[in-house]
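Asks: See query_0.txt below, with compact mmCIF, N, CA and C atoms.
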```txt
# COMPACT_ATOMS: atom_id res chain seq x y z
N MET P 19 0.84 -1.17 0.00
CA MET P 19 0.00 0.00 0.00
C MET P 19 0.89 1.24 0.00
N PRO P 20 0.60 2.21 -0.88
CA PRO P 20 1.44 3.42 -0.93
C PRO P 20 1.26 4.25 0.33
N PRO P 21 2.29 4.99 0.72
CA PRO P 21 2.18 5.81 1.93
C PRO P 21 1.17 6.94 1.71
N THR P 22 0.51 7.33 2.79
CA THR P 22 -0.41 8.46 2.70
C THR P 22 0.35 9.73 3.05
N HIS P 23 -0.08 10.79 2.47
CA HIS P 23 0.56 12.08 2.72
C HIS P 23 -0.49 13.03 3.26
N GLN P 24 -1.04 12.68 4.39
CA GLN P 24 -2.08 13.49 4.99
C GLN P 24 -1.53 14.25 6.18
N VAL P 25 -2.04 15.44 6.37
CA VAL P 25 -1.57 16.30 7.45
C VAL P 25 -1.96 15.73 8.81
N GLN P 26 -3.18 15.30 8.99
CA GLN P 26 -3.75 14.77 10.23
C GLN P 26 -3.63 15.78 11.37
N ALA P 27 -4.08 15.41 12.55
CA ALA P 27 -4.19 16.34 13.67
C ALA P 27 -2.84 16.90 14.12
N ALA P 28 -1.83 16.05 14.25
CA ALA P 28 -0.51 16.52 14.71
C ALA P 28 0.09 17.50 13.70
N GLY P 29 -0.08 17.21 12.44
CA GLY P 29 0.42 18.11 11.40
C GLY P 29 -0.32 19.44 11.40
N ALA P 30 -1.63 19.39 11.66
CA ALA P 30 -2.41 20.62 11.73
C ALA P 30 -1.93 21.50 12.88
N ARG P 31 -1.59 20.87 13.99
CA ARG P 31 -1.08 21.62 15.15
C ARG P 31 0.25 22.30 14.79
N ALA P 32 1.15 21.56 14.19
CA ALA P 32 2.46 22.12 13.81
C ALA P 32 2.30 23.22 12.75
N LEU P 33 1.44 22.98 11.79
CA LEU P 33 1.20 23.95 10.74
C LEU P 33 0.59 25.23 11.31
N SER P 34 -0.38 25.08 12.18
CA SER P 34 -1.03 26.25 12.79
C SER P 34 -0.05 27.07 13.61
N GLN P 35 0.82 26.39 14.34
CA GLN P 35 1.81 27.10 15.15
C GLN P 35 2.79 27.87 14.27
N SER P 36 3.22 27.25 13.18
CA SER P 36 4.19 27.92 12.32
C SER P 36 3.56 29.05 11.51
N LEU P 37 2.26 28.95 11.22
CA LEU P 37 1.60 29.99 10.43
C LEU P 37 1.06 31.13 11.28
N ALA P 38 1.08 30.99 12.58
CA ALA P 38 0.53 32.02 13.46
C ALA P 38 1.19 33.38 13.26
N SER P 39 2.45 33.39 12.91
CA SER P 39 3.15 34.66 12.70
C SER P 39 3.33 34.99 11.22
N ASN P 40 2.73 34.21 10.34
CA ASN P 40 2.83 34.45 8.91
C ASN P 40 1.83 35.54 8.52
N HIS P 41 2.29 36.52 7.76
CA HIS P 41 1.43 37.63 7.36
C HIS P 41 1.19 37.69 5.86
N THR P 42 1.62 36.64 5.13
CA THR P 42 1.48 36.66 3.68
C THR P 42 0.55 35.59 3.12
N LEU P 43 0.35 34.49 3.83
CA LEU P 43 -0.48 33.41 3.33
C LEU P 43 -1.94 33.86 3.24
N ARG P 44 -2.54 33.68 2.08
CA ARG P 44 -3.93 34.10 1.87
C ARG P 44 -4.89 32.92 1.73
N THR P 45 -4.40 31.78 1.22
CA THR P 45 -5.25 30.61 0.97
C THR P 45 -4.58 29.38 1.55
N LEU P 46 -5.36 28.58 2.29
CA LEU P 46 -4.87 27.33 2.87
C LEU P 46 -5.87 26.23 2.54
N LYS P 47 -5.42 25.24 1.78
CA LYS P 47 -6.27 24.13 1.37
C LYS P 47 -5.82 22.87 2.09
N LEU P 48 -6.67 22.39 3.00
CA LEU P 48 -6.35 21.21 3.79
C LEU P 48 -7.43 20.13 3.65
N SER P 49 -8.17 20.14 2.57
CA SER P 49 -9.25 19.16 2.41
C SER P 49 -8.69 17.75 2.32
N ARG P 50 -9.49 16.79 2.82
CA ARG P 50 -9.17 15.36 2.79
C ARG P 50 -7.84 15.02 3.47
N ASN P 51 -7.64 15.54 4.67
CA ASN P 51 -6.40 15.31 5.40
C ASN P 51 -6.59 14.65 6.76
N LYS P 52 -7.77 14.18 7.05
CA LYS P 52 -8.05 13.51 8.33
C LYS P 52 -7.62 14.34 9.53
N LEU P 53 -8.00 15.61 9.51
CA LEU P 53 -7.64 16.48 10.64
C LEU P 53 -8.40 16.11 11.90
N LEU P 54 -9.63 15.66 11.74
CA LEU P 54 -10.48 15.25 12.84
C LEU P 54 -10.71 16.42 13.81
N GLU P 55 -11.30 16.13 14.94
CA GLU P 55 -11.64 17.19 15.90
C GLU P 55 -10.40 17.89 16.46
N ALA P 56 -9.36 17.14 16.75
CA ALA P 56 -8.13 17.73 17.31
C ALA P 56 -7.49 18.70 16.33
N GLY P 57 -7.50 18.35 15.06
CA GLY P 57 -6.95 19.24 14.04
C GLY P 57 -7.76 20.52 13.92
N ALA P 58 -9.08 20.41 14.06
CA ALA P 58 -9.94 21.59 13.99
C ALA P 58 -9.65 22.55 15.14
N THR P 59 -9.31 22.01 16.28
CA THR P 59 -8.94 22.85 17.43
C THR P 59 -7.72 23.68 17.08
N SER P 60 -6.72 23.06 16.47
CA SER P 60 -5.50 23.77 16.09
C SER P 60 -5.78 24.82 15.02
N VAL P 61 -6.60 24.48 14.05
CA VAL P 61 -6.94 25.45 13.00
C VAL P 61 -7.73 26.61 13.61
N GLY P 62 -8.58 26.32 14.57
CA GLY P 62 -9.29 27.39 15.27
C GLY P 62 -8.35 28.36 15.95
N GLU P 63 -7.30 27.83 16.56
CA GLU P 63 -6.28 28.69 17.18
C GLU P 63 -5.60 29.57 16.13
N LEU P 64 -5.35 28.99 14.95
CA LEU P 64 -4.76 29.77 13.86
C LEU P 64 -5.69 30.90 13.45
N LEU P 65 -6.98 30.61 13.33
CA LEU P 65 -7.94 31.64 12.93
C LEU P 65 -8.00 32.78 13.93
N ARG P 66 -7.75 32.48 15.19
CA ARG P 66 -7.75 33.53 16.21
C ARG P 66 -6.51 34.43 16.11
N SER P 67 -5.41 33.88 15.60
CA SER P 67 -4.15 34.63 15.59
C SER P 67 -3.82 35.28 14.25
N THR P 68 -4.35 34.78 13.16
CA THR P 68 -3.99 35.35 11.86
C THR P 68 -5.02 36.36 11.39
N GLN P 69 -4.55 37.37 10.72
CA GLN P 69 -5.44 38.33 10.09
C GLN P 69 -5.12 38.46 8.61
N SER P 70 -4.36 37.51 8.06
CA SER P 70 -4.04 37.56 6.64
C SER P 70 -4.76 36.49 5.84
N LEU P 71 -5.14 35.39 6.46
CA LEU P 71 -5.77 34.28 5.75
C LEU P 71 -7.15 34.67 5.26
N LYS P 72 -7.38 34.47 3.95
CA LYS P 72 -8.66 34.85 3.34
C LYS P 72 -9.54 33.65 3.02
N HIS P 73 -8.94 32.55 2.59
CA HIS P 73 -9.70 31.37 2.17
C HIS P 73 -9.14 30.13 2.86
N LEU P 74 -10.04 29.32 3.43
CA LEU P 74 -9.66 28.12 4.15
C LEU P 74 -10.54 26.96 3.70
N ASP P 75 -9.93 25.89 3.21
CA ASP P 75 -10.66 24.71 2.75
C ASP P 75 -10.38 23.56 3.71
N LEU P 76 -11.41 23.18 4.47
CA LEU P 76 -11.30 22.07 5.42
C LEU P 76 -12.29 20.96 5.08
N GLY P 77 -12.70 20.89 3.84
CA GLY P 77 -13.69 19.90 3.44
C GLY P 77 -13.22 18.47 3.63
N ASP P 78 -14.15 17.60 4.02
CA ASP P 78 -13.92 16.16 4.12
C ASP P 78 -12.75 15.81 5.04
N ASN P 79 -12.83 16.28 6.28
CA ASN P 79 -11.76 16.04 7.25
C ASN P 79 -12.24 15.34 8.51
N GLY P 80 -13.50 14.98 8.59
CA GLY P 80 -14.01 14.32 9.79
C GLY P 80 -13.94 15.20 11.02
N LEU P 81 -14.19 16.50 10.84
CA LEU P 81 -14.08 17.45 11.95
C LEU P 81 -15.14 17.21 13.01
N GLY P 82 -16.30 16.73 12.60
CA GLY P 82 -17.36 16.47 13.55
C GLY P 82 -17.88 17.73 14.21
N SER P 83 -18.84 17.57 15.09
CA SER P 83 -19.46 18.71 15.74
C SER P 83 -18.53 19.41 16.72
N THR P 84 -17.70 18.65 17.43
CA THR P 84 -16.77 19.27 18.38
C THR P 84 -15.75 20.14 17.64
N GLY P 85 -15.19 19.62 16.56
CA GLY P 85 -14.25 20.40 15.76
C GLY P 85 -14.90 21.63 15.17
N ALA P 86 -16.11 21.47 14.67
CA ALA P 86 -16.83 22.60 14.08
C ALA P 86 -17.12 23.66 15.13
N THR P 87 -17.38 23.24 16.35
CA THR P 87 -17.64 24.19 17.43
C THR P 87 -16.42 25.06 17.67
N HIS P 88 -15.22 24.48 17.67
CA HIS P 88 -13.99 25.26 17.84
C HIS P 88 -13.83 26.28 16.71
N LEU P 89 -14.16 25.88 15.50
CA LEU P 89 -14.03 26.79 14.36
C LEU P 89 -15.06 27.91 14.43
N ALA P 90 -16.27 27.58 14.83
CA ALA P 90 -17.31 28.61 14.94
C ALA P 90 -16.91 29.65 15.99
N GLU P 91 -16.38 29.20 17.10
CA GLU P 91 -15.94 30.13 18.15
C GLU P 91 -14.81 31.03 17.64
N ALA P 92 -13.90 30.46 16.84
CA ALA P 92 -12.79 31.25 16.30
C ALA P 92 -13.28 32.29 15.30
N LEU P 93 -14.35 31.98 14.58
CA LEU P 93 -14.88 32.93 13.60
C LEU P 93 -15.41 34.21 14.26
N ARG P 94 -15.78 34.12 15.51
CA ARG P 94 -16.28 35.31 16.22
C ARG P 94 -15.23 36.41 16.28
N SER P 95 -13.95 36.05 16.38
CA SER P 95 -12.90 37.06 16.50
C SER P 95 -12.09 37.26 15.23
N ASN P 96 -12.19 36.35 14.27
CA ASN P 96 -11.42 36.49 13.04
C ASN P 96 -12.06 37.54 12.15
N ARG P 97 -11.25 38.43 11.60
CA ARG P 97 -11.75 39.51 10.76
C ARG P 97 -11.18 39.48 9.34
N SER P 98 -10.46 38.40 8.99
CA SER P 98 -9.85 38.36 7.66
C SER P 98 -10.46 37.31 6.74
N LEU P 99 -10.95 36.21 7.28
CA LEU P 99 -11.42 35.10 6.45
C LEU P 99 -12.68 35.50 5.69
N VAL P 100 -12.66 35.27 4.37
CA VAL P 100 -13.84 35.57 3.54
C VAL P 100 -14.48 34.29 3.00
N GLY P 101 -13.72 33.20 2.93
CA GLY P 101 -14.26 31.95 2.41
C GLY P 101 -13.85 30.76 3.26
N LEU P 102 -14.84 29.92 3.64
CA LEU P 102 -14.58 28.74 4.47
C LEU P 102 -15.36 27.56 3.92
N ASN P 103 -14.65 26.48 3.60
CA ASN P 103 -15.28 25.25 3.10
C ASN P 103 -15.23 24.20 4.21
N LEU P 104 -16.42 23.78 4.65
CA LEU P 104 -16.53 22.75 5.68
C LEU P 104 -17.38 21.58 5.20
N CYS P 105 -17.53 21.41 3.90
CA CYS P 105 -18.42 20.37 3.38
C CYS P 105 -17.97 18.97 3.80
N ASN P 106 -18.95 18.12 4.00
CA ASN P 106 -18.72 16.70 4.30
C ASN P 106 -17.83 16.47 5.53
N ASN P 107 -18.24 17.05 6.64
CA ASN P 107 -17.50 16.90 7.90
C ASN P 107 -18.34 16.34 9.03
N HIS P 108 -19.54 15.90 8.74
CA HIS P 108 -20.41 15.26 9.74
C HIS P 108 -20.69 16.18 10.92
N ILE P 109 -21.13 17.39 10.60
CA ILE P 109 -21.43 18.40 11.61
C ILE P 109 -22.91 18.33 11.96
N LYS P 110 -23.21 18.15 13.22
CA LYS P 110 -24.60 18.03 13.66
C LYS P 110 -25.27 19.39 13.81
N GLU P 111 -26.59 19.35 13.92
CA GLU P 111 -27.41 20.58 13.96
C GLU P 111 -26.96 21.57 15.02
N GLU P 112 -26.65 21.09 16.23
CA GLU P 112 -26.27 22.02 17.31
C GLU P 112 -25.03 22.83 16.93
N ALA P 113 -24.05 22.18 16.33
CA ALA P 113 -22.83 22.88 15.93
C ALA P 113 -23.10 23.81 14.75
N ARG P 114 -23.98 23.41 13.86
CA ARG P 114 -24.33 24.29 12.73
C ARG P 114 -25.00 25.56 13.25
N LEU P 115 -25.77 25.44 14.31
CA LEU P 115 -26.40 26.62 14.90
C LEU P 115 -25.36 27.58 15.48
N LEU P 116 -24.26 27.04 15.97
CA LEU P 116 -23.19 27.91 16.48
C LEU P 116 -22.58 28.75 15.36
N PHE P 117 -22.53 28.19 14.15
CA PHE P 117 -22.04 28.98 13.01
C PHE P 117 -22.98 30.13 12.72
N ALA P 118 -24.27 29.88 12.80
CA ALA P 118 -25.24 30.96 12.59
C ALA P 118 -25.02 32.07 13.61
N GLU P 119 -24.77 31.70 14.86
CA GLU P 119 -24.50 32.69 15.90
C GLU P 119 -23.18 33.42 15.65
N ALA P 120 -22.15 32.68 15.26
CA ALA P 120 -20.84 33.29 15.01
C ALA P 120 -20.90 34.28 13.86
N LEU P 121 -21.72 34.00 12.87
CA LEU P 121 -21.82 34.89 11.72
C LEU P 121 -22.45 36.23 12.09
N LYS P 122 -23.15 36.28 13.19
CA LYS P 122 -23.69 37.56 13.65
C LYS P 122 -22.57 38.49 14.10
N ASP P 123 -21.46 37.92 14.59
CA ASP P 123 -20.32 38.71 15.05
C ASP P 123 -19.26 38.91 13.97
N ASN P 124 -19.25 38.03 12.98
CA ASN P 124 -18.21 38.07 11.95
C ASN P 124 -18.72 38.84 10.74
N GLU P 125 -17.99 39.89 10.38
CA GLU P 125 -18.41 40.73 9.25
C GLU P 125 -17.57 40.52 8.00
N SER P 126 -16.61 39.60 8.04
CA SER P 126 -15.74 39.40 6.87
C SER P 126 -16.13 38.19 6.04
N LEU P 127 -16.66 37.14 6.65
CA LEU P 127 -16.95 35.89 5.93
C LEU P 127 -18.10 36.10 4.96
N THR P 128 -17.84 35.84 3.68
CA THR P 128 -18.88 35.99 2.66
C THR P 128 -19.25 34.66 2.02
N GLU P 129 -18.42 33.62 2.20
CA GLU P 129 -18.69 32.31 1.64
C GLU P 129 -18.48 31.24 2.71
N LEU P 130 -19.53 30.47 2.97
CA LEU P 130 -19.45 29.35 3.91
C LEU P 130 -20.07 28.14 3.24
N ASN P 131 -19.26 27.13 2.94
CA ASN P 131 -19.73 25.92 2.27
C ASN P 131 -19.96 24.83 3.30
N LEU P 132 -21.23 24.49 3.51
CA LEU P 132 -21.60 23.40 4.40
C LEU P 132 -22.33 22.31 3.61
N LYS P 133 -21.95 22.14 2.36
CA LYS P 133 -22.57 21.14 1.50
C LYS P 133 -22.48 19.75 2.15
N ASP P 134 -23.55 18.99 2.01
CA ASP P 134 -23.65 17.64 2.56
C ASP P 134 -23.67 17.62 4.08
N GLU P 135 -24.02 18.73 4.69
CA GLU P 135 -24.13 18.79 6.14
C GLU P 135 -25.58 18.82 6.60
N GLY P 136 -26.54 18.70 5.67
CA GLY P 136 -27.95 18.63 6.03
C GLY P 136 -28.45 19.87 6.74
N ILE P 137 -28.29 21.02 6.12
CA ILE P 137 -28.70 22.27 6.74
C ILE P 137 -30.20 22.25 7.01
N GLY P 138 -30.56 22.45 8.25
CA GLY P 138 -31.96 22.40 8.65
C GLY P 138 -32.58 23.78 8.76
N ALA P 139 -33.87 23.79 8.98
CA ALA P 139 -34.61 25.03 9.10
C ALA P 139 -34.13 25.87 10.27
N ALA P 140 -33.69 25.22 11.34
CA ALA P 140 -33.22 25.96 12.51
C ALA P 140 -31.99 26.80 12.18
N LEU P 141 -31.07 26.26 11.38
CA LEU P 141 -29.88 27.02 11.00
C LEU P 141 -30.28 28.21 10.13
N MET P 142 -31.14 27.97 9.18
CA MET P 142 -31.55 29.06 8.29
C MET P 142 -32.26 30.15 9.08
N ALA P 143 -33.06 29.79 10.03
CA ALA P 143 -33.75 30.77 10.87
C ALA P 143 -32.73 31.55 11.72
N GLY P 144 -31.74 30.84 12.25
CA GLY P 144 -30.71 31.49 13.05
C GLY P 144 -29.86 32.44 12.24
N ALA P 145 -29.56 32.08 11.00
CA ALA P 145 -28.75 32.92 10.14
C ALA P 145 -29.51 34.18 9.73
N ALA P 146 -30.81 34.07 9.60
CA ALA P 146 -31.63 35.19 9.18
C ALA P 146 -31.90 36.17 10.31
N ALA P 147 -31.75 35.72 11.55
CA ALA P 147 -32.07 36.57 12.70
C ALA P 147 -31.07 37.68 12.88
```
Write out the structure in this file as structure tokens.

Replies:
Amino acid sequence: MPPTHQVQAAGARALSQSLASNHTLRTLKLSRNKLLEAGATSVGELLRSTQSLKHLDLGDNGLGSTGATHLAEALRSNRSLVGLNLCNNHIKEEARLLFAEALKDNESLTELNLKDEGIGAALMAGAAA
């Protein structure tokens, strides 16, 4: 079997720490890297510290609701991100509602991809409020 070249949670932690002081990176694509919930925590820390990152792709990483919760909380203070892809991460309704709440505080995000996350009426109502 060929070796996998996935970032995974430990790699996300190292990457987030090294990028915390980076002021030039605008796009980070980490889709299909098995970051899981622990990796989402590290990326959330990066979102709190960077003001240069504009686009972040975390699609298909198994972030789950706990990981998504960390990202939603980070979005409350991030003022640079304009695009976030979270499709196919098995995020439950409660965590999706936290994104609706976070978007009330975040004025920079203009694109949020939650494809295949089963967006319910409660999220749409929360986003509209």

Asks: Can you tell me, as a count of residues only, what residues are no more than 6.5 Å from P:Ala30 when counting all atoms listed in the file, ignoring any on the same chain fewer than 6 positions away?

Replies: 3

Asks: Could you please write out, as a list in words, every residue of chain P that DSSP assigns to strand (DSSP E or B)?

Replies: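 Across chain P, those assigned strand (DSSP E or B) are Thr45, Leu46, Lys47, His73, Leu74, Asp75, Gly101, Leu102, Asn103, Glu129, Leu130 and Asn131 of chain P.
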
Asks: Can you work out which one of P:Ser126, P:Thr87, P:Ser70, P:Gln24 has the shortest atom-to-atom distance to P:Leu43, counting only N, CA and C atoms?

Replies: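 Smallest separation from P:Leu43 among the options: P:Ser70.
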
Asks: Would you mind listing what lies within 6.5 Å of stretch 129-131 of chain P as a count of residues only, with all atoms listed in the file counted and same-chain residues fewer than 4 positions away left out?

Replies: 6

Asks: Could you pull out the residues in chain P that DSSP calls helix (DSSP H, G or I) from the backbone, as number ranges by chain?

Replies: P: 26-37, 54-67, 82-93, 111-123, 139-146

Asks: Using only C-alpha atoms, pick whichever of P:Glu112, P:Arg97, P:Asn40, P:Lys52 has the shortest atom-to-atom distance to P:Val25.

Replies: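 Using only C-alpha atoms, P:Val25 sits closest to P:Lys52.
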
Asks: My list of candidates is P:Lys133, P:Arg50, P:Arg44, P:Arg66. Which is closest to P:Asn106 when distances are computed with all atoms listed in the file?

Replies: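 Distance minimum relative to P:Asn106 lands on P:Lys133.
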
Asks: Just to confirm, what's the straight-line distance from atom CA of P:Asp78 to atom CA of P:Ala27 in Å (one decimal)?

Replies: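 According to the coordinates, atom CA of P:Asp78 and atom CA of P:Ala27 are separated by 13.6 Å.
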
Asks: Would you mind listing what lies within 7 Å of P:Ser95 as JSON, numbers by chain, with only N, CA and C atoms counted and same-chain residues fewer than 3 positions away left out?

Replies: {"P": [65, 66, 91, 92, 98, 123, 124]}

Asks: Would you export the selected residues with N, CA and C atoms as a short mmCIF file (atom, residue, chain, number, x, y, z; two decimals), keeping the file's coordinate frame, please?

Replies:
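The resulting again03.cif:
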```
data_model
loop_
_atom_site.label_atom_id
_atom_site.label_comp_id
_atom_site.auth_asym_id
_atom_site.auth_seq_id
_atom_site.Cartn_x
_atom_site.Cartn_y
_atom_site.Cartn_z
N LEU P 65 -6.98 30.61 13.33
CA LEU P 65 -7.94 31.64 12.93
C LEU P 65 -8.00 32.78 13.93
N ARG P 66 -7.75 32.48 15.19
CA ARG P 66 -7.75 33.53 16.21
C ARG P 66 -6.51 34.43 16.11
N GLU P 91 -16.38 29.20 17.10
CA GLU P 91 -15.94 30.13 18.15
C GLU P 91 -14.81 31.03 17.64
N ALA P 92 -13.90 30.46 16.84
CA ALA P 92 -12.79 31.25 16.30
C ALA P 92 -13.28 32.29 15.30
N SER P 98 -10.46 38.40 8.99
CA SER P 98 -9.85 38.36 7.66
C SER P 98 -10.46 37.31 6.74
N ASP P 123 -21.46 37.92 14.59
CA ASP P 123 -20.32 38.71 15.05
C ASP P 123 -19.26 38.91 13.97
N ASN P 124 -19.25 38.03 12.98
CA ASN P 124 -18.21 38.07 11.95
C ASN P 124 -18.72 38.84 10.74
#
```

Asks: Could you check which of P:Ala120, P:Leu132, P:Leu115, P:Leu99 is closest to P:Gln69, using only N, CA and C atoms?

Replies: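 The closest residue to P:Gln69 is P:Leu99.
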
Asks: Let me know the centre plus edge lengths, in Å and rounded to one decimal, of a box with edges along x, y and z that contains all listed atoms of stretch 94-105 of chain P and is padded by 5 Å on every side, as lines of an AutoDock Vina configuration file.

Replies:
```
center_x = -14.1
center_y = 29.2
center_z = 9.5
size_x = 18.6
size_y = 30.5
size_z = 24.1
```

Asks: Could you work out how far atom CA of P:Leu71 lies from atom C of P:Ser39, giving the answer in Å with one decimal?

Replies: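 It comes out at 10.6 Å.
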
Asks: Which residue, P:Leu89, P:Leu127, P:Ala118, P:Ala28, has the smallest gap to P:Thr59 when you use all atoms listed in the file?

Replies: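 With all atoms listed in the file as the atom set, the closest residue is P:Leu89.
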
Asks: Kindly give the distance, in Å, that separates atom N of P:Asn79 and atom N of P:Asn107, rounded to a single decimal.

Replies: 5.5 Å

Asks: Which residue is closest to P:His73? Choose from P:Thr45, P:Arg31, P:Ala56, P:Ala113 and count all atoms listed in the file.

Replies: P:Thr45

Asks: Kindly add N, CA, C and O atoms to the incomplete stretch 25-41 of chain P and provide the output as a PDB file, in the coordinates of the input.

Replies:
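Contents of out.pdb, freshly written:
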```
ATOM      1  N   VAL P  25      -2.040  15.440   6.370  1.00  0.00           N
ATOM      2  CA  VAL P  25      -1.570  16.300   7.450  1.00  0.00           C
ATOM      3  C   VAL P  25      -1.960  15.730   8.810  1.00  0.00           C
ATOM      4  O   VAL P  25      -1.142  15.687   9.723  1.00  0.00           O
ATOM      5  N   GLN P  26      -3.180  15.300   8.990  1.00  0.00           N
ATOM      6  CA  GLN P  26      -3.750  14.770  10.230  1.00  0.00           C
ATOM      7  C   GLN P  26      -3.630  15.780  11.370  1.00  0.00           C
ATOM      8  O   GLN P  26      -3.180  16.909  11.184  1.00  0.00           O
ATOM      9  N   ALA P  27      -4.080  15.410  12.550  1.00  0.00           N
ATOM     10  CA  ALA P  27      -4.190  16.340  13.670  1.00  0.00           C
ATOM     11  C   ALA P  27      -2.840  16.900  14.120  1.00  0.00           C
ATOM     12  O   ALA P  27      -2.693  18.097  14.358  1.00  0.00           O
ATOM     13  N   ALA P  28      -1.830  16.050  14.250  1.00  0.00           N
ATOM     14  CA  ALA P  28      -0.510  16.520  14.710  1.00  0.00           C
ATOM     15  C   ALA P  28       0.090  17.500  13.700  1.00  0.00           C
ATOM     16  O   ALA P  28       0.692  18.509  14.083  1.00  0.00           O
ATOM     17  N   GLY P  29      -0.080  17.210  12.440  1.00  0.00           N
ATOM     18  CA  GLY P  29       0.420  18.110  11.400  1.00  0.00           C
ATOM     19  C   GLY P  29      -0.320  19.440  11.400  1.00  0.00           C
ATOM     20  O   GLY P  29       0.277  20.488  11.160  1.00  0.00           O
ATOM     21  N   ALA P  30      -1.630  19.390  11.660  1.00  0.00           N
ATOM     22  CA  ALA P  30      -2.410  20.620  11.730  1.00  0.00           C
ATOM     23  C   ALA P  30      -1.930  21.500  12.880  1.00  0.00           C
ATOM     24  O   ALA P  30      -1.845  22.720  12.743  1.00  0.00           O
ATOM     25  N   ARG P  31      -1.590  20.870  13.990  1.00  0.00           N
ATOM     26  CA  ARG P  31      -1.080  21.620  15.150  1.00  0.00           C
ATOM     27  C   ARG P  31       0.250  22.300  14.790  1.00  0.00           C
ATOM     28  O   ARG P  31       0.433  23.492  15.037  1.00  0.00           O
ATOM     29  N   ALA P  32       1.150  21.560  14.190  1.00  0.00           N
ATOM     30  CA  ALA P  32       2.460  22.120  13.810  1.00  0.00           C
ATOM     31  C   ALA P  32       2.300  23.220  12.750  1.00  0.00           C
ATOM     32  O   ALA P  32       2.944  24.270  12.844  1.00  0.00           O
ATOM     33  N   LEU P  33       1.440  22.980  11.790  1.00  0.00           N
ATOM     34  CA  LEU P  33       1.200  23.950  10.740  1.00  0.00           C
ATOM     35  C   LEU P  33       0.590  25.230  11.310  1.00  0.00           C
ATOM     36  O   LEU P  33       1.020  26.340  10.980  1.00  0.00           O
ATOM     37  N   SER P  34      -0.380  25.080  12.180  1.00  0.00           N
ATOM     38  CA  SER P  34      -1.030  26.250  12.790  1.00  0.00           C
ATOM     39  C   SER P  34      -0.050  27.070  13.610  1.00  0.00           C
ATOM     40  O   SER P  34      -0.077  28.292  13.574  1.00  0.00           O
ATOM     41  N   GLN P  35       0.820  26.390  14.340  1.00  0.00           N
ATOM     42  CA  GLN P  35       1.810  27.100  15.150  1.00  0.00           C
ATOM     43  C   GLN P  35       2.790  27.870  14.270  1.00  0.00           C
ATOM     44  O   GLN P  35       3.141  29.005  14.565  1.00  0.00           O
ATOM     45  N   SER P  36       3.220  27.250  13.180  1.00  0.00           N
ATOM     46  CA  SER P  36       4.190  27.920  12.320  1.00  0.00           C
ATOM     47  C   SER P  36       3.560  29.050  11.510  1.00  0.00           C
ATOM     48  O   SER P  36       4.230  30.021  11.183  1.00  0.00           O
ATOM     49  N   LEU P  37       2.260  28.950  11.220  1.00  0.00           N
ATOM     50  CA  LEU P  37       1.600  29.990  10.430  1.00  0.00           C
ATOM     51  C   LEU P  37       1.060  31.130  11.280  1.00  0.00           C
ATOM     52  O   LEU P  37       0.622  32.152  10.738  1.00  0.00           O
ATOM     53  N   ALA P  38       1.080  30.990  12.580  1.00  0.00           N
ATOM     54  CA  ALA P  38       0.530  32.020  13.460  1.00  0.00           C
ATOM     55  C   ALA P  38       1.190  33.380  13.260  1.00  0.00           C
ATOM     56  O   ALA P  38       0.540  34.418  13.393  1.00  0.00           O
ATOM     57  N   SER P  39       2.450  33.390  12.910  1.00  0.00           N
ATOM     58  CA  SER P  39       3.150  34.660  12.700  1.00  0.00           C
ATOM     59  C   SER P  39       3.330  34.990  11.220  1.00  0.00           C
ATOM     60  O   SER P  39       3.986  35.970  10.884  1.00  0.00           O
ATOM     61  N   ASN P  40       2.730  34.210  10.340  1.00  0.00           N
ATOM     62  CA  ASN P  40       2.830  34.450   8.910  1.00  0.00           C
ATOM     63  C   ASN P  40       1.830  35.540   8.520  1.00  0.00           C
ATOM     64  O   ASN P  40       0.663  35.473   8.875  1.00  0.00           O
ATOM     65  N   HIS P  41       2.290  36.520   7.760  1.00  0.00           N
ATOM     66  CA  HIS P  41       1.430  37.630   7.360  1.00  0.00           C
ATOM     67  C   HIS P  41       1.190  37.690   5.860  1.00  0.00           C
ATOM     68  O   HIS P  41       0.615  38.655   5.371  1.00  0.00           O
TER      69      HIS P  41
END
```
